[in-house]
Structures are given as C-alpha cells and as structure tokens.
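One file, target.tsv, is given below (TSV, C-alpha atoms).
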chain	number	residue	atom	x	y	z
A	1	MET	CA	-88.25	-39.72	58.41
A	2	GLY	CA	-87.23	-36.78	56.20
A	3	TYR	CA	-85.79	-33.51	57.36
A	4	SER	CA	-88.47	-30.86	57.96
A	5	LEU	CA	-87.54	-27.20	57.65
A	6	ASN	CA	-88.31	-25.05	60.66
A	7	PHE	CA	-87.14	-21.45	60.42
A	8	SER	CA	-88.80	-20.33	63.64
A	9	VAL	CA	-85.71	-21.12	65.70
A	10	VAL	CA	-83.63	-19.00	63.34
A	11	TRP	CA	-85.97	-16.04	63.69
A	12	ARG	CA	-85.87	-16.35	67.47
A	13	ASN	CA	-82.08	-16.09	67.34
A	14	PHE	CA	-81.92	-13.67	64.43
A	15	ASP	CA	-80.04	-11.13	66.57
A	16	LYS	CA	-76.96	-13.37	66.25
A	17	LEU	CA	-77.12	-13.11	62.46
A	18	TRP	CA	-78.02	-9.43	62.35
A	19	GLY	CA	-75.28	-8.48	64.77
A	20	GLY	CA	-72.87	-10.73	62.88
A	21	LEU	CA	-73.72	-9.03	59.59
A	22	ALA	CA	-73.07	-5.61	61.11
A	23	LEU	CA	-69.70	-6.80	62.41
A	24	SER	CA	-68.83	-8.36	59.04
A	25	LEU	CA	-69.42	-5.02	57.32
A	26	GLU	CA	-67.41	-3.21	59.98
A	27	LEU	CA	-64.50	-5.62	59.59
A	28	ALA	CA	-64.57	-5.21	55.80
A	29	VAL	CA	-64.69	-1.40	55.94
A	30	ILE	CA	-61.88	-1.08	58.49
A	31	SER	CA	-59.69	-3.61	56.69
A	32	LEU	CA	-60.30	-1.91	53.35
A	33	ALA	CA	-59.37	1.50	54.78
A	34	ILE	CA	-56.12	0.19	56.26
A	35	GLY	CA	-55.46	-1.88	53.13
A	36	ILE	CA	-55.89	1.22	50.95
A	37	ALA	CA	-53.32	3.08	53.04
A	38	ILE	CA	-50.86	0.18	52.80
A	39	GLY	CA	-51.46	-0.38	49.10
A	40	LEU	CA	-51.28	3.29	48.14
A	41	VAL	CA	-48.04	3.99	49.99
A	42	LEU	CA	-46.34	0.88	48.66
A	43	ALA	CA	-47.62	1.44	45.12
A	44	VAL	CA	-46.19	4.97	45.05
A	45	ILE	CA	-42.90	3.71	46.47
A	46	TYR	CA	-42.85	0.87	43.93
A	47	VAL	CA	-43.41	3.18	40.95
A	48	SER	CA	-40.88	5.74	42.17
A	49	GLY	CA	-38.36	3.49	43.91
A	50	GLY	CA	-35.30	1.59	42.87
A	51	ARG	CA	-34.70	-2.06	42.10
A	52	PHE	CA	-34.22	-3.21	45.72
A	53	THR	CA	-37.39	-1.43	46.84
A	54	ARG	CA	-39.40	-2.99	44.02
A	55	MET	CA	-38.09	-6.44	44.88
A	56	ALA	CA	-38.97	-6.05	48.57
A	57	ILE	CA	-42.51	-4.92	47.77
A	58	ALA	CA	-42.91	-7.69	45.20
A	59	VAL	CA	-41.94	-10.29	47.82
A	60	TYR	CA	-44.60	-8.94	50.20
A	61	VAL	CA	-47.25	-8.91	47.47
A	62	GLU	CA	-46.52	-12.42	46.20
A	63	ALA	CA	-46.18	-13.91	49.68
A	64	PHE	CA	-49.57	-12.67	50.89
A	65	ARG	CA	-51.46	-13.09	47.62
A	66	ASN	CA	-50.38	-16.71	47.29
A	67	THR	CA	-50.97	-17.79	50.89
A	68	PRO	CA	-54.49	-18.90	51.89
A	69	LEU	CA	-56.10	-16.30	54.12
A	70	ILE	CA	-57.15	-18.89	56.68
A	71	LEU	CA	-53.50	-19.87	57.24
A	72	LEU	CA	-52.55	-16.23	57.75
A	73	VAL	CA	-55.36	-15.88	60.28
A	74	TYR	CA	-54.08	-18.89	62.22
A	75	LEU	CA	-50.47	-17.70	62.06
A	76	VAL	CA	-51.25	-14.20	63.31
A	77	PHE	CA	-53.70	-15.24	66.02
A	78	TYR	CA	-52.03	-18.41	67.31
A	79	GLY	CA	-48.46	-18.28	66.02
A	80	LEU	CA	-47.29	-14.68	66.39
A	81	PRO	CA	-47.94	-14.45	70.16
A	82	GLN	CA	-45.72	-17.52	70.57
A	83	ILE	CA	-42.81	-15.76	68.86
A	84	VAL	CA	-43.10	-12.24	70.24
A	85	ASP	CA	-44.53	-10.96	73.49
A	86	ILE	CA	-47.78	-9.54	72.12
A	87	ARG	CA	-51.40	-10.03	73.10
A	88	TYR	CA	-54.54	-9.05	71.21
A	89	ASP	CA	-58.11	-10.23	70.93
A	90	ALA	CA	-59.50	-12.23	68.02
A	91	THR	CA	-61.15	-9.25	66.32
A	92	THR	CA	-58.00	-7.14	66.38
A	93	SER	CA	-55.97	-10.07	65.10
A	94	PHE	CA	-58.34	-10.66	62.21
A	95	VAL	CA	-58.51	-6.98	61.22
A	96	ALA	CA	-54.71	-6.80	61.16
A	97	THR	CA	-54.47	-9.95	59.05
A	98	LEU	CA	-57.20	-8.96	56.58
A	99	SER	CA	-55.76	-5.44	56.25
A	100	ILE	CA	-52.29	-6.70	55.35
A	101	TYR	CA	-53.86	-9.27	53.01
A	102	ALA	CA	-55.94	-6.56	51.32
A	103	GLY	CA	-52.92	-4.30	51.08
A	104	ALA	CA	-51.06	-6.92	49.05
A	105	TYR	CA	-53.83	-6.95	46.45
A	106	LEU	CA	-54.29	-3.19	46.44
A	107	VAL	CA	-50.60	-2.57	45.79
A	108	GLU	CA	-51.10	-4.15	42.38
A	109	VAL	CA	-54.39	-2.34	41.80
A	110	PHE	CA	-52.87	1.07	42.53
A	111	ARG	CA	-49.61	0.31	40.76
A	112	SER	CA	-51.51	-0.57	37.59
A	113	GLY	CA	-53.58	2.58	37.96
A	114	LEU	CA	-50.53	4.79	38.35
A	115	GLU	CA	-48.77	3.22	35.39
A	116	ALA	CA	-51.90	3.58	33.22
A	117	ILE	CA	-51.91	7.38	33.50
A	118	PRO	CA	-50.94	8.94	30.15
A	119	GLN	CA	-47.47	10.44	30.26
A	120	GLY	CA	-48.85	13.57	28.65
A	121	GLN	CA	-50.83	14.42	31.80
A	122	ILE	CA	-47.72	14.14	33.94
A	123	ASP	CA	-45.68	16.20	31.47
A	124	ALA	CA	-48.40	18.87	31.46
A	125	GLY	CA	-48.18	19.11	35.26
A	126	ARG	CA	-44.43	19.46	35.02
A	127	ALA	CA	-44.77	22.12	32.32
A	128	ILE	CA	-46.92	24.37	34.52
A	129	GLY	CA	-44.38	24.17	37.34
A	130	LEU	CA	-45.90	21.57	39.66
A	131	THR	CA	-43.46	19.89	42.02
A	132	PRO	CA	-43.28	16.06	42.07
A	133	LEU	CA	-45.43	16.00	45.21
A	134	GLN	CA	-47.99	18.35	43.64
A	135	ARG	CA	-48.08	16.25	40.47
A	136	LEU	CA	-48.75	13.21	42.64
A	137	ALA	CA	-51.52	14.91	44.62
A	138	TYR	CA	-53.25	16.86	41.83
A	139	VAL	CA	-52.57	14.81	38.69
A	140	ARG	CA	-51.62	11.22	39.32
A	141	LEU	CA	-53.73	10.26	42.36
A	142	PRO	CA	-57.07	11.64	41.07
A	143	ALA	CA	-56.57	9.89	37.73
A	144	MET	CA	-55.49	6.68	39.46
A	145	VAL	CA	-58.63	6.66	41.64
A	146	ARG	CA	-60.89	6.80	38.59
A	147	ILE	CA	-58.92	4.06	36.85
A	148	SER	CA	-58.73	1.81	39.92
A	149	LEU	CA	-62.27	2.25	41.23
A	150	PRO	CA	-63.80	-0.88	39.61
A	151	ALA	CA	-61.03	-3.11	40.98
A	152	LEU	CA	-61.31	-1.37	44.36
A	153	SER	CA	-65.05	-2.08	44.44
A	154	ASN	CA	-64.45	-5.75	43.69
A	155	THR	CA	-61.85	-5.91	46.45
A	156	PHE	CA	-64.32	-4.49	48.96
A	157	ILE	CA	-66.92	-7.12	48.11
A	158	SER	CA	-64.29	-9.86	48.30
A	159	LEU	CA	-63.19	-8.63	51.71
A	160	PHE	CA	-66.79	-8.69	52.92
A	161	LYS	CA	-67.03	-12.36	51.94
A	162	ASP	CA	-63.58	-13.07	53.42
A	163	THR	CA	-64.79	-11.92	56.84
A	164	SER	CA	-66.54	-15.30	57.12
A	165	ILE	CA	-63.11	-16.80	57.82
A	166	ALA	CA	-63.02	-14.86	61.10
A	167	SER	CA	-65.39	-17.49	62.51
A	168	VAL	CA	-62.47	-19.94	62.84
A	169	ILE	CA	-61.08	-17.80	65.67
A	170	ALA	CA	-64.51	-17.12	67.18
A	171	VAL	CA	-65.03	-13.58	65.93
A	172	PRO	CA	-68.84	-13.19	66.17
A	173	GLU	CA	-69.50	-12.20	62.57
A	174	LEU	CA	-72.26	-13.57	60.31
A	175	THR	CA	-70.92	-17.08	59.71
A	176	TRP	CA	-70.16	-17.46	63.41
A	177	GLY	CA	-73.76	-16.49	64.12
A	178	ALA	CA	-75.00	-19.25	61.82
A	179	GLN	CA	-72.66	-21.71	63.55
A	180	TRP	CA	-73.97	-20.63	66.95
A	181	ILE	CA	-77.58	-21.22	65.89
A	182	ASN	CA	-76.67	-24.60	64.43
A	183	LEU	CA	-74.84	-25.74	67.56
A	184	ASN	CA	-77.63	-24.60	69.88
A	185	THR	CA	-80.67	-25.62	67.85
A	186	PHE	CA	-79.32	-28.30	65.48
A	187	ARG	CA	-81.03	-26.52	62.55
A	188	ILE	CA	-78.03	-26.55	60.25
A	189	VAL	CA	-79.91	-26.13	56.97
A	190	GLU	CA	-82.05	-23.22	58.11
A	191	ALA	CA	-79.19	-21.39	59.82
A	192	TYR	CA	-76.89	-21.54	56.82
A	193	LEU	CA	-79.65	-20.85	54.28
A	194	VAL	CA	-80.57	-17.62	56.05
A	195	ALA	CA	-76.90	-16.64	56.42
A	196	THR	CA	-76.35	-17.34	52.72
A	197	ALA	CA	-79.32	-15.17	51.79
A	198	MET	CA	-77.97	-12.36	53.97
A	199	TYR	CA	-74.56	-12.56	52.27
A	200	LEU	CA	-76.17	-12.54	48.83
A	201	VAL	CA	-78.54	-9.64	49.47
A	202	THR	CA	-75.87	-7.55	51.17
A	203	GLY	CA	-73.37	-8.29	48.42
A	204	TYR	CA	-75.78	-7.27	45.67
A	205	VAL	CA	-76.76	-4.08	47.50
A	206	MET	CA	-73.07	-3.21	47.88
A	207	LEU	CA	-72.45	-4.01	44.22
A	208	PHE	CA	-75.34	-1.81	43.10
A	209	GLY	CA	-74.15	1.11	45.23
A	210	LEU	CA	-70.55	0.79	44.11
A	211	ARG	CA	-71.55	0.63	40.44
A	212	LEU	CA	-73.47	3.89	40.89
A	213	VAL	CA	-70.33	5.48	42.32
A	214	GLU	CA	-68.28	4.15	39.41
A	215	ARG	CA	-70.72	5.56	36.85
A	216	ARG	CA	-70.65	8.94	38.56
A	217	PHE	CA	-66.86	9.05	38.37
A	218	GLN	CA	-67.06	7.88	34.75
A	219	VAL	CA	-69.45	10.72	33.90
A	220	ALA	CA	-67.21	13.21	35.70
A	221	ARG	CA	-64.23	11.95	33.74
A	222	ASN	CA	-66.00	12.11	30.40
A	223	ALA	CA	-67.64	15.49	31.03
Hey, can you dump this file as structure tokens for me?
Amino acid sequence: MGYSLNFSVVWRNFDKLWGGLALSLELAVISLAIGIAIGLVLAVIYVSGGRFTRMAIAVYVEAFRNTPLILLVYLVFYGLPQIVDIRYDATTSFVATLSIYAGAYLVEVFRSGLEAIPQGQIDAGRAIGLTPLQRLAYVRLPAMVRISLPALSNTFISLFKDTSIASVIAVPELTWGAQWINLNTFRIVEAYLVATAMYLVTGYVMLFGLRLVERRFQVARNA
C-alpha cells in the first residue's frame, strides 16, 4: 500500500515549526552581529598589522573556514567542557560556535572591502588633517560597508540555513521541530516538506529585503 500524505498532523503541531523558525532567525541574527564584530576588528588589525599578526589571523580564518561546522558544534558542545571547567546550554554553545565560524568568513569579506577602497580617498582624508582613527571611522568604514554589503547579505542567508545544524545538539530550531513531528507522528515526508517550504519562503523574503537595502546603498553611493 502506497504512502498517503496527511498534513493535518503537521498543522496540529505547527507551533513546533513556527517557534523553531523564530529561534532560527534569532540564532542567525545574534551570530551575525557577533561575527561582524569579530570580523571587523580582525580585518582592521590584519590590514594595519605586521607579519606575525597577519599570520595569526590567517590561521584562524583558514582553520574555521575549512572545518565542517557540524564538527565545530560537536567540539564546542561536547569536547570543550571536557578540557576546561565550563558549562553552558546547547543554545549558548551553538551561538558561540556559529559566531566564531561567521567571523572567520567575515574577516575576508571586510579585509577585501578595506583593500578595495581607492587610495585617493584615504589620501584626501589625510590631506584635510584627519587622524588615522578618523580616516577609519569617516572614510574607510563607510566605503567598506557599501562594498561588502552584498557578501554580508549572502553570509546572513547562509547563517540562517546553517542554524539547521543546531538540531544535532537538540536546539529547538526549525529542523529540530520537523524532527520532533516526525518522531511523534511518523509523518516524515509531510514534516520535512513543510519545513523545507518554510526555509525557502523565509530565505527568499530575506533575500528580497536585503537586495532592497543593497540598491538603496548603491543609489546613495552613485548620487
């Protein structure tokens, strides 16, 4: 006898998916904010620092960019408490992991943005008497934001999708909600189809909104 779709059990437990989606977005936003702070600080240090500093930052970037996120999640949640006397819940562990992971990518995004700024703009700031810190705040960072915004938008969407990995340590985000419905109702196809649709719709809405922001910055830059 063939499999018959029955979405009613999914609708009855839709709160698991809706609450999971809200948590997924929250995880992505918090991780992006922390990742931006990490990436921006390290990118500025990389561009302005010496050889040893560049090498240290490069090691961090390459190590985290080339390690599967799921392994980092396991290491931080299960492994780190075995090495040092530290305790945290699954959500905190995942946010910390995803933030550091995002920071490794954003270092390169911001570094490229800083290095893409025309030297003439920096020289103009120096010519009117701006200090190095003022040139960073009023010349380099605003220009870098406009240059880096498309890559930053893509990173945010990627982080939103990466939150699905949090389900492996029982963080109740969207994928965990689909797993819960499957385990309690045995409707695997329906649960994951609805979760997939929610990821797709949310992702496209985010993409549309972020593209509007990018066009606004583009218009401001070209005005």
Interatomic distance, atom CA of Pro150 of chain A to atom CA of Gly209 of chain A (Å, one decimal): 11.9 Å
Who sits within 10 Å of Ile36 of chain A, all atoms listed in the file, same chain under 6 positions skipped, as a list in words: Ile30, Leu42, Ser99, Ile100, Ala102, Gly103, Ala104, Tyr105, Leu106, Val107, Val109, Phe110 and Leu152 of chain A
Using only C-alpha atoms, the residue out of A:Asp89, A:Glu190, A:Glu214, A:Glu173 with shortest distance to Ser8 of chain A is A:Glu190
Protein/DNA/RNA residues near (-87.5, -19.2, 67.4), cut 12 Å, only C-alpha atoms, as a compact mmCIF listing (two decimals) with C-alpha atoms, in the frame of the given file:
# COMPACT_ATOMS: atom_id res chain seq x y z
CA ASN A 6 -88.31 -25.05 60.66
CA PHE A 7 -87.14 -21.45 60.42
CA SER A 8 -88.80 -20.33 63.64
CA VAL A 9 -85.71 -21.12 65.70
CA VAL A 10 -83.63 -19.00 63.34
CA TRP A 11 -85.97 -16.04 63.69
CA ARG A 12 -85.87 -16.35 67.47
CA ASN A 13 -82.08 -16.09 67.34
CA PHE A 14 -81.92 -13.67 64.43
CA ASP A 15 -80.04 -11.13 66.57
CA ILE A 181 -77.58 -21.22 65.89
CA ASN A 184 -77.63 -24.60 69.88
CA THR A 185 -80.67 -25.62 67.85
CA ARG A 187 -81.03 -26.52 62.55
CA GLU A 190 -82.05 -23.22 58.11
CA ALA A 191 -79.19 -21.39 59.82
Using only C-alpha atoms, find the one residue out of A:Gln121, A:Ile147, A:Leu141, A:Leu69 that sits nearest to Gln218 of chain A.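 Residue with the minimum atom-to-atom distance to Gln218 of chain A: A:Ile147.
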Among listed residues A:Leu71, A:Ile38, A:Val76, A:Val145, nearest Ala96 of chain A (using all atoms listed in the file):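 So, comparing all the options, the nearest one is A:Val76.
For the residues A:Leu114, A:Leu130, A:Ile165, A:Met144, ranking by smallest atom-to-atom distance to Val47 of chain A using only C-alpha atoms places A:Leu114 first.
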Which neighbours of Ile57 of chain A fall inside 8 Å, counting only C-alpha atoms, when residues of the same chain fewer than 4 positions from it are skipped, and could you give them as JSON, numbers by chain? {"A": [42, 46, 53, 61]}
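Relative to atom CA of Arg211 of chain A, atom CA of Leu159 of chain A is found at 16.8 Å.
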What are the closest atom pairs, with distances in Å to one decimal, for all residues of segment 14-114 of chain A lying within 9 Å of segment 194-200 of chain A? Consider all atoms listed in the file, order rows by chain and residue number, and present the result as JSON lines.
{"residue": "A:Leu17", "atom": "CA", "partner": "A:Ala195", "partner_atom": "CA", "distance": 7.0}
{"residue": "A:Trp18", "atom": "CA", "partner": "A:Met198", "partner_atom": "CA", "distance": 8.9}
{"residue": "A:Leu21", "atom": "CA", "partner": "A:Met198", "partner_atom": "CA", "distance": 7.8}
Could you write out that same residue set with C-alpha atoms as a short mmCIF file (atom, residue, chain, number, x, y, z; two decimals), in the frame of the given file?
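The resulting again12.cif:
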data_model
loop_
_atom_site.label_atom_id
_atom_site.label_comp_id
_atom_site.auth_asym_id
_atom_site.auth_seq_id
_atom_site.Cartn_x
_atom_site.Cartn_y
_atom_site.Cartn_z
CA LEU A 17 -77.12 -13.11 62.46
CA TRP A 18 -78.02 -9.43 62.35
CA LEU A 21 -73.72 -9.03 59.59
#
For Thr92 of chain A, find every residue with an atom within 12 Å (counting only C-alpha atoms), except residues of its own chain fewer than 2 positions away, and show them as a compact mmCIF listing (two decimals) with C-alpha atoms, keeping the file's coordinate frame.
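Once written, around.txt looks like this:
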# COMPACT_ATOMS: atom_id res chain seq x y z
CA LEU A 27 -64.50 -5.62 59.59
CA ILE A 30 -61.88 -1.08 58.49
CA SER A 31 -59.69 -3.61 56.69
CA VAL A 73 -55.36 -15.88 60.28
CA VAL A 76 -51.25 -14.20 63.31
CA PHE A 77 -53.70 -15.24 66.02
CA ILE A 86 -47.78 -9.54 72.12
CA ARG A 87 -51.40 -10.03 73.10
CA TYR A 88 -54.54 -9.05 71.21
CA ASP A 89 -58.11 -10.23 70.93
CA ALA A 90 -59.50 -12.23 68.02
CA PHE A 94 -58.34 -10.66 62.21
CA VAL A 95 -58.51 -6.98 61.22
CA ALA A 96 -54.71 -6.80 61.16
CA THR A 97 -54.47 -9.95 59.05
CA LEU A 98 -57.20 -8.96 56.58
CA SER A 99 -55.76 -5.44 56.25
CA ALA A 166 -63.02 -14.86 61.10
CA ILE A 169 -61.08 -17.80 65.67
CA ALA A 170 -64.51 -17.12 67.18
CA VAL A 171 -65.03 -13.58 65.93
Please identify all polymer residues within 10 Å of Ile45 of chain A, counting only C-alpha atoms, omitting same-chain residues fewer than 4 positions from it, and present them as an MDAnalysis selection string. chainID A and resid 39:41 49:50 53:54 57 107 111
Residues within 7 Å of (-71.8, -14.4, 63.0), file coordinates, counting all atoms listed in the file: what are they? Give the list as number ranges by chain. A: 16-17, 20-21, 172-178
